[in-house]
Amino acid sequence: MTRLAQTAGLNDIQQEILATVRDFVDKEIIPVATQLEHRDEYPTEIVEGLKELGLFGLMIPEEYGGLGESLLTYALCVEEIARGWMSVSGIINTHFIVAYMLKQHGTQEQKDTFLPRMALGEVRGAFSMSEPALGSDVSAISSKGVKDGDEYVLNGQKMWLTNGGTSTLVAVLCRSDEGHPEGTAPHKSMTTFLVEKEPGFGEVRPGLTIPGKIDKMGYKGVDTTELIMDDLRIPANRVLGGTTGRGFYQMMDGVEVGRVNVAARGCGVAQRAFELGVSYAQQRHTFGKPIAEHQAIQFKLAEMATKVEAAHAMMVNAARKKDSGERNDLEAGMAKYLASEYCKEVVEDAFRIHGGYGFSKEYEIERLYREAPMLLIGEGTAEIQKMIIGRRLLEEYRFQG
């Protein structure tokens, strides 16, 4: 284990899980990550290894076949996996969010149907809020679910689905005006629908099309897709929680823990960038000595390490707050904002330390340089996080005049 980003107060089981995951990352992910990323190839063997480790069921309760671990344990595992290859952490993140939403909000029948198979990785989750025209404005969702007897008919186009092709269960947020009179606030007329599908691309079930992978600058390997619903029919018992109008709150609950996950990913990528930077600085010589002995490089390494530590501490605090049952939107927003910004800065400093070689695809830092920007926008941009943080602070520090 490295000196940086240690977590106090972990029990023996948590330490054993993290040691196992870190060993897996060092042996099975890091040696192949850059090669797979350059080919934009889905890491099938790595995913199978994660399934064997039980990571797809890490937070699913033991009664459903999972490990029943805390958000903190999960976040620390994500941190380790992102240190190896951020795309792999994305594969389990959306799965985890859907499992969490089912655990917190699903009917008993929905939990019994999906959670045991999700714990094994047999059912793989994805969730879908975004649409081509709405950006961060979730209230502007136009996809719609209309009641028709014992079914709902879904129509609309969704965007930016991580695991869109490989997933078999998608939690889709749509408008559902049934039971909600005209003039109802938009966030009170949204419903989460649980859509089962076959993996792959094209028409994956009648009325549901996954057009193909979106070509991205980074975050490759994992499939990011659109989702098109054209008179897609699903049974009424696939409304998450069994009641319409609760979708916005269910999704926000999932996104809240997702922000802790993105913070953990930022911590992991920043850790790897620091490792690469400090290693290269001791190997590269200029003016008769390793560049690590130049004060300018030492200052840079000091700043990088401090940012890694600070981001990790805020991520751990946000996870522990959620595990305690308390509201953590302030802490999660702060952690996500700080970790993603610091990740970008640490990666860029490591890139600078590598000099011209950082621009070469032969060096791992080139991949990290393209991956870090995704964290700036995933699960809400920095501007969205600042809005959340600012509003919560005004609630806590209300002026009494």
# chains A, B, ... in the order shown; residues from 1 in each chain; ligands from 1

call {"tool": "residues_around", "arguments": {"residues": "Gln15 of chain A", "least_positions_apart": "4", "cutoff": "12 Å", "atoms": "only C-alpha atoms", "output": "JSON, numbers by chain"}}
result
{"A": [1, 6, 7, 8, 9, 10, 11, 19, 20, 21, 22, 72, 73, 74, 76, 77]}

call {"tool": "write_last_selection", "arguments": {"atoms": "C-alpha atoms", "output": "JSON list (two decimals), in the first residue's frame"}}
result
[["chain", "number", "residue", "atom", "x", "y", "z"],
["A", 1, "MET", "CA", 0.00, 0.00, 0.00],
["A", 6, "GLN", "CA", -5.10, 5.85, 3.54],
["A", 7, "THR", "CA", -8.43, 5.50, 5.34],
["A", 8, "ALA", "CA", -8.58, 5.27, 9.11],
["A", 9, "GLY", "CA", -11.08, 3.16, 10.99],
["A", 10, "LEU", "CA", -11.58, 0.32, 8.50],
["A", 11, "ASN", "CA", -12.41, -3.10, 9.91],
["A", 19, "ALA", "CA", -6.25, -5.53, -0.51],
["A", 20, "THR", "CA", -7.85, -8.11, -2.82],
["A", 21, "VAL", "CA", -9.14, -5.45, -5.20],
["A", 22, "ARG", "CA", -5.82, -3.62, -5.29],
["A", 72, "LEU", "CA", -17.60, 3.65, 1.97],
["A", 73, "THR", "CA", -16.33, 0.16, 1.13],
["A", 74, "TYR", "CA", -17.76, 0.45, -2.35],
["A", 76, "LEU", "CA", -12.82, 2.74, -1.79],
["A", 77, "CYS", "CA", -13.05, -0.21, -4.19]]

call {"tool": "closest_residue", "arguments": {"among": "A:Pro211, A:Gly49, A:Gly325, A:Gly145", "to": "Thr244 of chain A", "atoms": "only C-alpha atoms"}}
result
A:Gly145

call {"tool": "residues_around", "arguments": {"residues": "Tyr369 of chain A", "least_positions_apart": "2", "cutoff": "8 Å", "atoms": "only C-alpha atoms", "output": "PDB file with all heavy atoms, in the first residue's frame"}}
result
ATOM      1  N   LYS A 344      -8.103  16.572 -12.552  1.00  0.00           N
ATOM      2  CA  LYS A 344      -7.640  17.222 -13.784  1.00  0.00           C
ATOM      3  C   LYS A 344      -6.279  17.892 -13.575  1.00  0.00           C
ATOM      4  O   LYS A 344      -5.369  17.767 -14.413  1.00  0.00           O
ATOM      5  CB  LYS A 344      -8.667  18.260 -14.235  1.00  0.00           C
ATOM      6  CG  LYS A 344      -8.222  19.131 -15.405  1.00  0.00           C
ATOM      7  CD  LYS A 344      -9.229  20.223 -15.699  1.00  0.00           C
ATOM      8  CE  LYS A 344      -9.280  21.288 -14.630  1.00  0.00           C
ATOM      9  NZ  LYS A 344      -8.106  22.192 -14.649  1.00  0.00           N
ATOM     10  N   VAL A 347      -3.413  15.236 -12.977  1.00  0.00           N
ATOM     11  CA  VAL A 347      -3.088  14.573 -14.247  1.00  0.00           C
ATOM     12  C   VAL A 347      -2.275  15.507 -15.138  1.00  0.00           C
ATOM     13  O   VAL A 347      -1.283  15.091 -15.757  1.00  0.00           O
ATOM     14  CB  VAL A 347      -4.373  14.107 -14.961  1.00  0.00           C
ATOM     15  CG1 VAL A 347      -4.073  13.704 -16.399  1.00  0.00           C
ATOM     16  CG2 VAL A 347      -5.006  12.936 -14.215  1.00  0.00           C
ATOM     17  N   GLU A 348      -2.668  16.769 -15.207  1.00  0.00           N
ATOM     18  CA  GLU A 348      -1.922  17.705 -16.050  1.00  0.00           C
ATOM     19  C   GLU A 348      -0.509  17.923 -15.530  1.00  0.00           C
ATOM     20  O   GLU A 348       0.446  18.018 -16.322  1.00  0.00           O
ATOM     21  CB  GLU A 348      -2.653  19.042 -16.135  1.00  0.00           C
ATOM     22  CG  GLU A 348      -1.931  20.027 -17.046  1.00  0.00           C
ATOM     23  CD  GLU A 348      -2.748  21.267 -17.368  1.00  0.00           C
ATOM     24  OE1 GLU A 348      -3.980  21.214 -17.242  1.00  0.00           O
ATOM     25  OE2 GLU A 348      -2.133  22.285 -17.738  1.00  0.00           O
ATOM     26  N   PHE A 351       1.463  14.984 -16.524  1.00  0.00           N
ATOM     27  CA  PHE A 351       1.700  15.123 -17.962  1.00  0.00           C
ATOM     28  C   PHE A 351       2.884  16.061 -18.218  1.00  0.00           C
ATOM     29  O   PHE A 351       3.770  15.784 -19.034  1.00  0.00           O
ATOM     30  CB  PHE A 351       0.426  15.653 -18.606  1.00  0.00           C
ATOM     31  CG  PHE A 351       0.520  15.967 -20.069  1.00  0.00           C
ATOM     32  CD1 PHE A 351       0.363  14.968 -21.024  1.00  0.00           C
ATOM     33  CD2 PHE A 351       0.760  17.267 -20.499  1.00  0.00           C
ATOM     34  CE1 PHE A 351       0.446  15.263 -22.375  1.00  0.00           C
ATOM     35  CE2 PHE A 351       0.840  17.573 -21.839  1.00  0.00           C
ATOM     36  CZ  PHE A 351       0.680  16.566 -22.788  1.00  0.00           C
ATOM     37  N   ILE A 365       0.272   8.052 -19.129  1.00  0.00           N
ATOM     38  CA  ILE A 365      -0.259   9.349 -18.749  1.00  0.00           C
ATOM     39  C   ILE A 365      -1.076   9.955 -19.885  1.00  0.00           C
ATOM     40  O   ILE A 365      -2.015  10.734 -19.641  1.00  0.00           O
ATOM     41  CB  ILE A 365       0.880  10.312 -18.309  1.00  0.00           C
ATOM     42  CG1 ILE A 365       0.301  11.582 -17.658  1.00  0.00           C
ATOM     43  CG2 ILE A 365       1.786  10.651 -19.470  1.00  0.00           C
ATOM     44  CD1 ILE A 365      -0.495  11.332 -16.403  1.00  0.00           C
ATOM     45  N   GLU A 366      -0.772   9.607 -21.128  1.00  0.00           N
ATOM     46  CA  GLU A 366      -1.545  10.115 -22.273  1.00  0.00           C
ATOM     47  C   GLU A 366      -3.001   9.674 -22.162  1.00  0.00           C
ATOM     48  O   GLU A 366      -3.920  10.453 -22.441  1.00  0.00           O
ATOM     49  CB  GLU A 366      -0.917   9.608 -23.579  1.00  0.00           C
ATOM     50  CG  GLU A 366      -1.615  10.080 -24.848  1.00  0.00           C
ATOM     51  CD  GLU A 366      -2.739   9.156 -25.307  1.00  0.00           C
ATOM     52  OE1 GLU A 366      -2.795   7.989 -24.853  1.00  0.00           O
ATOM     53  OE2 GLU A 366      -3.574   9.602 -26.118  1.00  0.00           O
ATOM     54  N   ARG A 367      -3.231   8.438 -21.741  1.00  0.00           N
ATOM     55  CA  ARG A 367      -4.599   7.939 -21.573  1.00  0.00           C
ATOM     56  C   ARG A 367      -5.312   8.684 -20.445  1.00  0.00           C
ATOM     57  O   ARG A 367      -6.460   9.102 -20.593  1.00  0.00           O
ATOM     58  CB  ARG A 367      -4.582   6.436 -21.291  1.00  0.00           C
ATOM     59  CG  ARG A 367      -5.938   5.894 -20.843  1.00  0.00           C
ATOM     60  CD  ARG A 367      -5.935   4.382 -20.767  1.00  0.00           C
ATOM     61  NE  ARG A 367      -4.978   3.850 -19.817  1.00  0.00           N
ATOM     62  CZ  ARG A 367      -5.210   3.734 -18.500  1.00  0.00           C
ATOM     63  NH1 ARG A 367      -6.349   4.169 -17.982  1.00  0.00           N
ATOM     64  NH2 ARG A 367      -4.298   3.205 -17.696  1.00  0.00           N
ATOM     65  N   GLU A 371      -8.865  10.910 -20.156  1.00  0.00           N
ATOM     66  CA  GLU A 371      -9.946  10.390 -19.316  1.00  0.00           C
ATOM     67  C   GLU A 371     -10.432  11.400 -18.276  1.00  0.00           C
ATOM     68  O   GLU A 371     -11.627  11.470 -17.973  1.00  0.00           O
ATOM     69  CB  GLU A 371      -9.492   9.108 -18.611  1.00  0.00           C
ATOM     70  CG  GLU A 371      -9.359   7.915 -19.539  1.00  0.00           C
ATOM     71  CD  GLU A 371      -8.863   6.678 -18.830  1.00  0.00           C
ATOM     72  OE1 GLU A 371      -8.265   6.806 -17.736  1.00  0.00           O
ATOM     73  OE2 GLU A 371      -9.076   5.575 -19.364  1.00  0.00           O
ATOM     74  N   ALA A 372      -9.508  12.173 -17.720  1.00  0.00           N
ATOM     75  CA  ALA A 372      -9.854  13.070 -16.611  1.00  0.00           C
ATOM     76  C   ALA A 372     -10.993  14.041 -16.934  1.00  0.00           C
ATOM     77  O   ALA A 372     -11.838  14.302 -16.066  1.00  0.00           O
ATOM     78  CB  ALA A 372      -8.614  13.830 -16.152  1.00  0.00           C
ATOM     79  N   PRO A 373     -11.088  14.607 -18.154  1.00  0.00           N
ATOM     80  CA  PRO A 373     -12.155  15.578 -18.411  1.00  0.00           C
ATOM     81  C   PRO A 373     -13.567  15.031 -18.224  1.00  0.00           C
ATOM     82  O   PRO A 373     -14.487  15.791 -17.905  1.00  0.00           O
ATOM     83  CB  PRO A 373     -11.909  15.991 -19.876  1.00  0.00           C
ATOM     84  CG  PRO A 373     -10.442  15.796 -20.075  1.00  0.00           C
ATOM     85  CD  PRO A 373     -10.116  14.557 -19.274  1.00  0.00           C
TER      86      PRO A 373
END

call {"tool": "closest_atom_pairs", "arguments": {"of": "segment 55-174 of chain A", "to": "segment 256-268 of chain A", "cutoff": "8 Å", "atoms": "only C-alpha atoms", "output": "CSV"}}
result
residue,atom,partner,partner_atom,distance
A:Leu71,CA,A:Val257,CA,7.9
A:Ala75,CA,A:Asn261,CA,5.7
A:Leu76,CA,A:Ala264,CA,6.8
A:Val78,CA,A:Ala264,CA,6.1
A:Glu79,CA,A:Gly268,CA,4.3
A:Glu80,CA,A:Gly268,CA,5.8
A:Ile81,CA,A:Gly268,CA,7.2
A:Ala82,CA,A:Gly268,CA,4.9
A:Arg83,CA,A:Gly268,CA,4.1
A:Gly84,CA,A:Gly268,CA,7.8
A:Met86,CA,A:Arg265,CA,6.6
A:Ser89,CA,A:Arg265,CA,7.2
A:Asn93,CA,A:Asn261,CA,7.0
A:Ile97,CA,A:Gly258,CA,6.6

call {"tool": "select_by_dssp", "arguments": {"residues": "segment 131-372 of chain A", "states": "strand (DSSP E)", "output": "ChimeraX atom specification"}}
result
/A:144-148,151-162,169-175,190-196,202-205,208-210,224-235,285-286,289-290

call {"tool": "residues_around", "arguments": {"residues": "segment 379-386 of chain A", "least_positions_apart": "3", "cutoff": "12 Å", "atoms": "only C-alpha atoms", "output": "PyMOL selection string"}}
result
chain A and resi 90+93-94+97+127-130+135-138+160-162+251-263+265+329-342+373-376+389-393

call {"tool": "residues_around", "arguments": {"residues": "segment 228-234 of chain A", "least_positions_apart": "3", "cutoff": "8 Å", "atoms": "only C-alpha atoms", "output": "list in words"}}
result
Glu151, Tyr152, Val153, Leu154, Asn155, Gly156, Gln157, Lys158, Val195, Pro206, Gly207, Leu208, Thr209, Ile210, Pro211 and Arg238 of chain A

call {"tool": "residues_around", "arguments": {"residues": "Lys111 of chain A", "least_positions_apart": "2", "cutoff": "12 Å", "atoms": "only C-alpha atoms", "output": "JSON list (two decimals) with N, CA, C and O atoms, in the first residue's frame"}}
result
[["chain", "number", "residue", "atom", "x", "y", "z"],
["A", 60, "ILE", "N", -25.27, -4.87, -2.32],
["A", 60, "ILE", "CA", -26.57, -5.54, -2.29],
["A", 60, "ILE", "C", -26.66, -6.35, -1.00],
["A", 60, "ILE", "O", -25.72, -7.05, -0.64],
["A", 61, "PRO", "N", -27.79, -6.27, -0.28],
["A", 61, "PRO", "CA", -27.90, -6.98, 1.01],
["A", 61, "PRO", "C", -27.66, -8.48, 0.89],
["A", 61, "PRO", "O", -27.92, -9.09, -0.16],
["A", 63, "GLU", "N", -29.25, -10.90, 2.10],
["A", 63, "GLU", "CA", -30.47, -11.69, 1.86],
["A", 63, "GLU", "C", -30.76, -11.87, 0.38],
["A", 63, "GLU", "O", -31.51, -12.77, -0.01],
["A", 64, "TYR", "N", -30.15, -11.02, -0.46],
["A", 64, "TYR", "CA", -30.32, -11.15, -1.91],
["A", 64, "TYR", "C", -29.06, -11.69, -2.59],
["A", 64, "TYR", "O", -28.93, -11.62, -3.81],
["A", 65, "GLY", "N", -28.14, -12.20, -1.80],
["A", 65, "GLY", "CA", -26.94, -12.81, -2.36],
["A", 65, "GLY", "C", -25.75, -11.90, -2.49],
["A", 65, "GLY", "O", -24.71, -12.28, -3.04],
["A", 98, "VAL", "N", -28.36, 1.49, -10.09],
["A", 98, "VAL", "CA", -29.66, 0.84, -10.29],
["A", 98, "VAL", "C", -29.96, -0.12, -9.14],
["A", 98, "VAL", "O", -31.09, -0.16, -8.63],
["A", 99, "ALA", "N", -28.96, -0.88, -8.71],
["A", 99, "ALA", "CA", -29.16, -1.79, -7.58],
["A", 99, "ALA", "C", -29.52, -1.02, -6.32],
["A", 99, "ALA", "O", -30.40, -1.44, -5.54],
["A", 100, "TYR", "N", -28.86, 0.11, -6.11],
["A", 100, "TYR", "CA", -29.15, 0.95, -4.94],
["A", 100, "TYR", "C", -30.58, 1.48, -5.00],
["A", 100, "TYR", "O", -31.31, 1.46, -4.00],
["A", 101, "MET", "N", -30.99, 1.96, -6.16],
["A", 101, "MET", "CA", -32.35, 2.48, -6.31],
["A", 101, "MET", "C", -33.39, 1.39, -6.06],
["A", 101, "MET", "O", -34.44, 1.64, -5.45],
["A", 102, "LEU", "N", -33.13, 0.18, -6.55],
["A", 102, "LEU", "CA", -34.03, -0.94, -6.29],
["A", 102, "LEU", "C", -34.10, -1.24, -4.80],
["A", 102, "LEU", "O", -35.18, -1.46, -4.23],
["A", 103, "LYS", "N", -32.93, -1.28, -4.16],
["A", 103, "LYS", "CA", -32.88, -1.60, -2.73],
["A", 103, "LYS", "C", -33.64, -0.55, -1.92],
["A", 103, "LYS", "O", -34.38, -0.90, -0.99],
["A", 104, "GLN", "N", -33.49, 0.71, -2.27],
["A", 104, "GLN", "CA", -34.10, 1.80, -1.50],
["A", 104, "GLN", "C", -35.56, 2.04, -1.84],
["A", 104, "GLN", "O", -36.35, 2.42, -0.96],
["A", 105, "HIS", "N", -35.93, 1.85, -3.10],
["A", 105, "HIS", "CA", -37.24, 2.31, -3.56],
["A", 105, "HIS", "C", -38.10, 1.23, -4.22],
["A", 105, "HIS", "O", -39.28, 1.48, -4.48],
["A", 106, "GLY", "N", -37.53, 0.08, -4.53],
["A", 106, "GLY", "CA", -38.27, -0.93, -5.27],
["A", 106, "GLY", "C", -39.34, -1.63, -4.44],
["A", 106, "GLY", "O", -39.27, -1.66, -3.20],
["A", 107, "THR", "N", -40.33, -2.19, -5.13],
["A", 107, "THR", "CA", -41.30, -3.04, -4.44],
["A", 107, "THR", "C", -40.61, -4.34, -4.05],
["A", 107, "THR", "O", -39.52, -4.67, -4.55],
["A", 108, "GLN", "N", -41.25, -5.11, -3.16],
["A", 108, "GLN", "CA", -40.64, -6.37, -2.76],
["A", 108, "GLN", "C", -40.49, -7.30, -3.95],
["A", 108, "GLN", "O", -39.48, -8.01, -4.08],
["A", 109, "GLU", "N", -41.49, -7.30, -4.83],
["A", 109, "GLU", "CA", -41.40, -8.15, -6.02],
["A", 109, "GLU", "C", -40.23, -7.74, -6.91],
["A", 109, "GLU", "O", -39.52, -8.58, -7.45],
["A", 113, "THR", "N", -37.00, -10.05, -7.74],
["A", 113, "THR", "CA", -36.78, -10.40, -9.14],
["A", 113, "THR", "C", -35.38, -10.05, -9.61],
["A", 113, "THR", "O", -34.72, -10.85, -10.30],
["A", 114, "PHE", "N", -34.90, -8.87, -9.24],
["A", 114, "PHE", "CA", -33.67, -8.37, -9.84],
["A", 114, "PHE", "C", -32.42, -8.46, -8.97],
["A", 114, "PHE", "O", -31.33, -8.77, -9.47],
["A", 115, "LEU", "N", -32.53, -8.17, -7.68],
["A", 115, "LEU", "CA", -31.33, -8.04, -6.86],
["A", 115, "LEU", "C", -30.48, -9.31, -6.79],
["A", 115, "LEU", "O", -29.24, -9.22, -6.87],
["A", 116, "PRO", "N", -31.05, -10.52, -6.63],
["A", 116, "PRO", "CA", -30.18, -11.71, -6.60],
["A", 116, "PRO", "C", -29.37, -11.89, -7.87],
["A", 116, "PRO", "O", -28.19, -12.25, -7.82],
["A", 117, "ARG", "N", -29.98, -11.62, -9.02],
["A", 117, "ARG", "CA", -29.25, -11.77, -10.28],
["A", 117, "ARG", "C", -28.28, -10.61, -10.51],
["A", 117, "ARG", "O", -27.24, -10.79, -11.16],
["A", 118, "MET", "N", -28.60, -9.44, -9.98],
["A", 118, "MET", "CA", -27.66, -8.32, -10.08],
["A", 118, "MET", "C", -26.43, -8.58, -9.21],
["A", 118, "MET", "O", -25.31, -8.19, -9.56],
["A", 119, "ALA", "N", -26.63, -9.22, -8.06],
["A", 119, "ALA", "CA", -25.51, -9.52, -7.17],
["A", 119, "ALA", "C", -24.50, -10.43, -7.84],
["A", 119, "ALA", "O", -23.29, -10.34, -7.60],
["A", 194, "LEU", "N", -38.50, 0.53, -15.07],
["A", 194, "LEU", "CA", -37.48, -0.51, -15.14],
["A", 194, "LEU", "C", -37.66, -1.27, -16.46],
["A", 194, "LEU", "O", -38.63, -2.02, -16.63],
["A", 237, "ASN", "N", -46.15, -3.20, -13.53],
["A", 237, "ASN", "CA", -45.38, -3.58, -12.34],
["A", 237, "ASN", "C", -43.90, -3.28, -12.48],
["A", 237, "ASN", "O", -43.11, -3.62, -11.61],
["A", 238, "ARG", "N", -43.52, -2.63, -13.57],
["A", 238, "ARG", "CA", -42.13, -2.21, -13.75],
["A", 238, "ARG", "C", -41.96, -0.71, -13.52],
["A", 238, "ARG", "O", -40.95, -0.13, -13.90],
["A", 240, "LEU", "N", -40.84, 1.75, -10.93],
["A", 240, "LEU", "CA", -40.03, 1.59, -9.72],
["A", 240, "LEU", "C", -40.81, 2.04, -8.50],
["A", 240, "LEU", "O", -41.28, 3.18, -8.43],
["A", 241, "GLY", "N", -40.96, 1.14, -7.54],
["A", 241, "GLY", "CA", -41.70, 1.45, -6.32],
["A", 241, "GLY", "C", -43.19, 1.29, -6.44],
["A", 241, "GLY", "O", -43.91, 1.40, -5.44],
["A", 242, "GLY", "N", -43.69, 1.06, -7.68],
["A", 242, "GLY", "CA", -45.11, 0.79, -7.88],
["A", 242, "GLY", "C", -45.99, 2.02, -7.97],
["A", 242, "GLY", "O", -47.19, 1.91, -8.18]]

call {"tool": "residues_around", "arguments": {"residues": "Glu41 of chain A", "least_positions_apart": "4", "cutoff": "10 Å", "atoms": "only C-alpha atoms", "output": "VMD selection string"}}
result
chain A and resid 33 35 to 37 220 to 223

call {"tool": "closest_residue", "arguments": {"among": "A:Gly165, A:Gly358, A:Gly125, A:Pro186", "to": "Pro199 of chain A", "atoms": "only C-alpha atoms"}}
result
A:Gly165

call {"tool": "atom_distance", "arguments": {"atom1": "atom CA of Leu4 of chain A", "atom2": "atom CA of Val278 of chain A"}}
result
12.4 Å

call {"tool": "closest_residue", "arguments": {"among": "A:Phe193, A:Tyr280, A:Phe274, A:Phe201", "to": "Arg246 of chain A", "atoms": "only C-alpha atoms"}}
result
A:Phe193

call {"tool": "atom_distance", "arguments": {"atom1": "atom CA of Ala185 of chain A", "atom2": "atom CA of Met387 of chain A"}}
result
19.9 Å

call {"tool": "select_by_dssp", "arguments": {"residues": "segment 103-249 of chain A", "states": "helix (DSSP H, G or I)", "output": "ChimeraX atom specification"}}
result
/A:103-105,108-120,138-140,186-188,236-238,240-242,247-249

call {"tool": "closest_residue", "arguments": {"among": "A:Leu55, A:Val172, A:Met315, A:Val308", "to": "Glu131 of chain A", "atoms": "only C-alpha atoms"}}
result
A:Val172

call {"tool": "decode", "arguments": {"residues": "segment 118-187 of chain A", "atoms": "C-alpha atoms", "output": "PDB file, in the first residue's frame"}}
result
ATOM      1  CA  MET A 118     -27.663  -8.323 -10.077  1.00  0.00           C
ATOM      2  CA  ALA A 119     -25.510  -9.518  -7.170  1.00  0.00           C
ATOM      3  CA  LEU A 120     -24.114 -12.238  -9.442  1.00  0.00           C
ATOM      4  CA  GLY A 121     -23.640  -9.871 -12.370  1.00  0.00           C
ATOM      5  CA  GLU A 122     -26.132 -11.879 -14.432  1.00  0.00           C
ATOM      6  CA  VAL A 123     -28.387  -8.823 -14.718  1.00  0.00           C
ATOM      7  CA  ARG A 124     -26.384  -5.695 -15.481  1.00  0.00           C
ATOM      8  CA  GLY A 125     -27.785  -2.263 -14.781  1.00  0.00           C
ATOM      9  CA  ALA A 126     -27.758   1.104 -16.533  1.00  0.00           C
ATOM     10  CA  PHE A 127     -29.710   4.253 -15.747  1.00  0.00           C
ATOM     11  CA  SER A 128     -30.958   6.979 -18.032  1.00  0.00           C
ATOM     12  CA  MET A 129     -31.904  10.577 -17.253  1.00  0.00           C
ATOM     13  CA  SER A 130     -30.206  12.732 -19.868  1.00  0.00           C
ATOM     14  CA  GLU A 131     -31.667  13.617 -23.254  1.00  0.00           C
ATOM     15  CA  PRO A 132     -30.110  15.283 -26.319  1.00  0.00           C
ATOM     16  CA  ALA A 133     -31.635  18.728 -25.666  1.00  0.00           C
ATOM     17  CA  LEU A 134     -31.766  19.118 -21.900  1.00  0.00           C
ATOM     18  CA  GLY A 135     -28.204  19.025 -20.526  1.00  0.00           C
ATOM     19  CA  SER A 136     -28.329  19.557 -16.765  1.00  0.00           C
ATOM     20  CA  ASP A 137     -31.992  20.654 -16.756  1.00  0.00           C
ATOM     21  CA  VAL A 138     -33.658  17.413 -15.656  1.00  0.00           C
ATOM     22  CA  SER A 139     -37.029  19.174 -15.352  1.00  0.00           C
ATOM     23  CA  ALA A 140     -37.057  19.576 -19.159  1.00  0.00           C
ATOM     24  CA  ILE A 141     -37.294  15.828 -19.824  1.00  0.00           C
ATOM     25  CA  SER A 142     -39.632  15.184 -22.740  1.00  0.00           C
ATOM     26  CA  SER A 143     -39.620  11.355 -22.879  1.00  0.00           C
ATOM     27  CA  LYS A 144     -43.054  10.204 -21.804  1.00  0.00           C
ATOM     28  CA  GLY A 145     -44.766   7.145 -20.337  1.00  0.00           C
ATOM     29  CA  VAL A 146     -48.530   6.851 -20.926  1.00  0.00           C
ATOM     30  CA  LYS A 147     -50.769   4.330 -19.134  1.00  0.00           C
ATOM     31  CA  ASP A 148     -52.575   1.894 -21.440  1.00  0.00           C
ATOM     32  CA  GLY A 149     -54.463  -0.760 -19.482  1.00  0.00           C
ATOM     33  CA  ASP A 150     -51.976  -2.901 -17.565  1.00  0.00           C
ATOM     34  CA  GLU A 151     -49.043  -1.432 -19.475  1.00  0.00           C
ATOM     35  CA  TYR A 152     -47.218   1.806 -20.052  1.00  0.00           C
ATOM     36  CA  VAL A 153     -46.229   2.985 -23.517  1.00  0.00           C
ATOM     37  CA  LEU A 154     -42.882   4.819 -23.547  1.00  0.00           C
ATOM     38  CA  ASN A 155     -41.682   7.215 -26.227  1.00  0.00           C
ATOM     39  CA  GLY A 156     -38.612   9.440 -26.402  1.00  0.00           C
ATOM     40  CA  GLN A 157     -34.880   9.628 -26.953  1.00  0.00           C
ATOM     41  CA  LYS A 158     -32.323   9.346 -24.146  1.00  0.00           C
ATOM     42  CA  MET A 159     -28.609  10.165 -24.261  1.00  0.00           C
ATOM     43  CA  TRP A 160     -25.328   9.274 -22.569  1.00  0.00           C
ATOM     44  CA  LEU A 161     -26.145   5.795 -21.260  1.00  0.00           C
ATOM     45  CA  THR A 162     -23.076   4.169 -19.755  1.00  0.00           C
ATOM     46  CA  ASN A 163     -23.444   0.405 -20.313  1.00  0.00           C
ATOM     47  CA  GLY A 164     -26.234   1.128 -22.784  1.00  0.00           C
ATOM     48  CA  GLY A 165     -25.287  -1.854 -24.951  1.00  0.00           C
ATOM     49  CA  THR A 166     -24.075  -4.366 -22.378  1.00  0.00           C
ATOM     50  CA  SER A 167     -26.791  -3.783 -19.772  1.00  0.00           C
ATOM     51  CA  THR A 168     -29.918  -5.901 -19.474  1.00  0.00           C
ATOM     52  CA  LEU A 169     -31.877  -3.633 -17.091  1.00  0.00           C
ATOM     53  CA  VAL A 170     -32.199   0.127 -17.591  1.00  0.00           C
ATOM     54  CA  ALA A 171     -33.822   2.534 -15.127  1.00  0.00           C
ATOM     55  CA  VAL A 172     -35.349   5.181 -17.410  1.00  0.00           C
ATOM     56  CA  LEU A 173     -36.730   8.522 -16.192  1.00  0.00           C
ATOM     57  CA  CYS A 174     -39.800   9.746 -18.109  1.00  0.00           C
ATOM     58  CA  ARG A 175     -42.645  12.187 -17.672  1.00  0.00           C
ATOM     59  CA  SER A 176     -45.907  10.526 -16.621  1.00  0.00           C
ATOM     60  CA  ASP A 177     -48.813  12.950 -16.419  1.00  0.00           C
ATOM     61  CA  GLU A 178     -51.322  10.249 -15.424  1.00  0.00           C
ATOM     62  CA  GLY A 179     -52.596  11.116 -11.959  1.00  0.00           C
ATOM     63  CA  HIS A 180     -50.797  14.466 -12.041  1.00  0.00           C
ATOM     64  CA  PRO A 181     -53.013  17.374 -13.191  1.00  0.00           C
ATOM     65  CA  GLU A 182     -51.837  20.062 -15.548  1.00  0.00           C
ATOM     66  CA  GLY A 183     -49.712  22.607 -13.730  1.00  0.00           C
ATOM     67  CA  THR A 184     -48.068  20.016 -11.473  1.00  0.00           C
ATOM     68  CA  ALA A 185     -44.393  20.862 -10.893  1.00  0.00           C
ATOM     69  CA  PRO A 186     -42.262  18.963 -13.444  1.00  0.00           C
ATOM     70  CA  HIS A 187     -40.284  17.071 -10.810  1.00  0.00           C
TER      71      HIS A 187
END
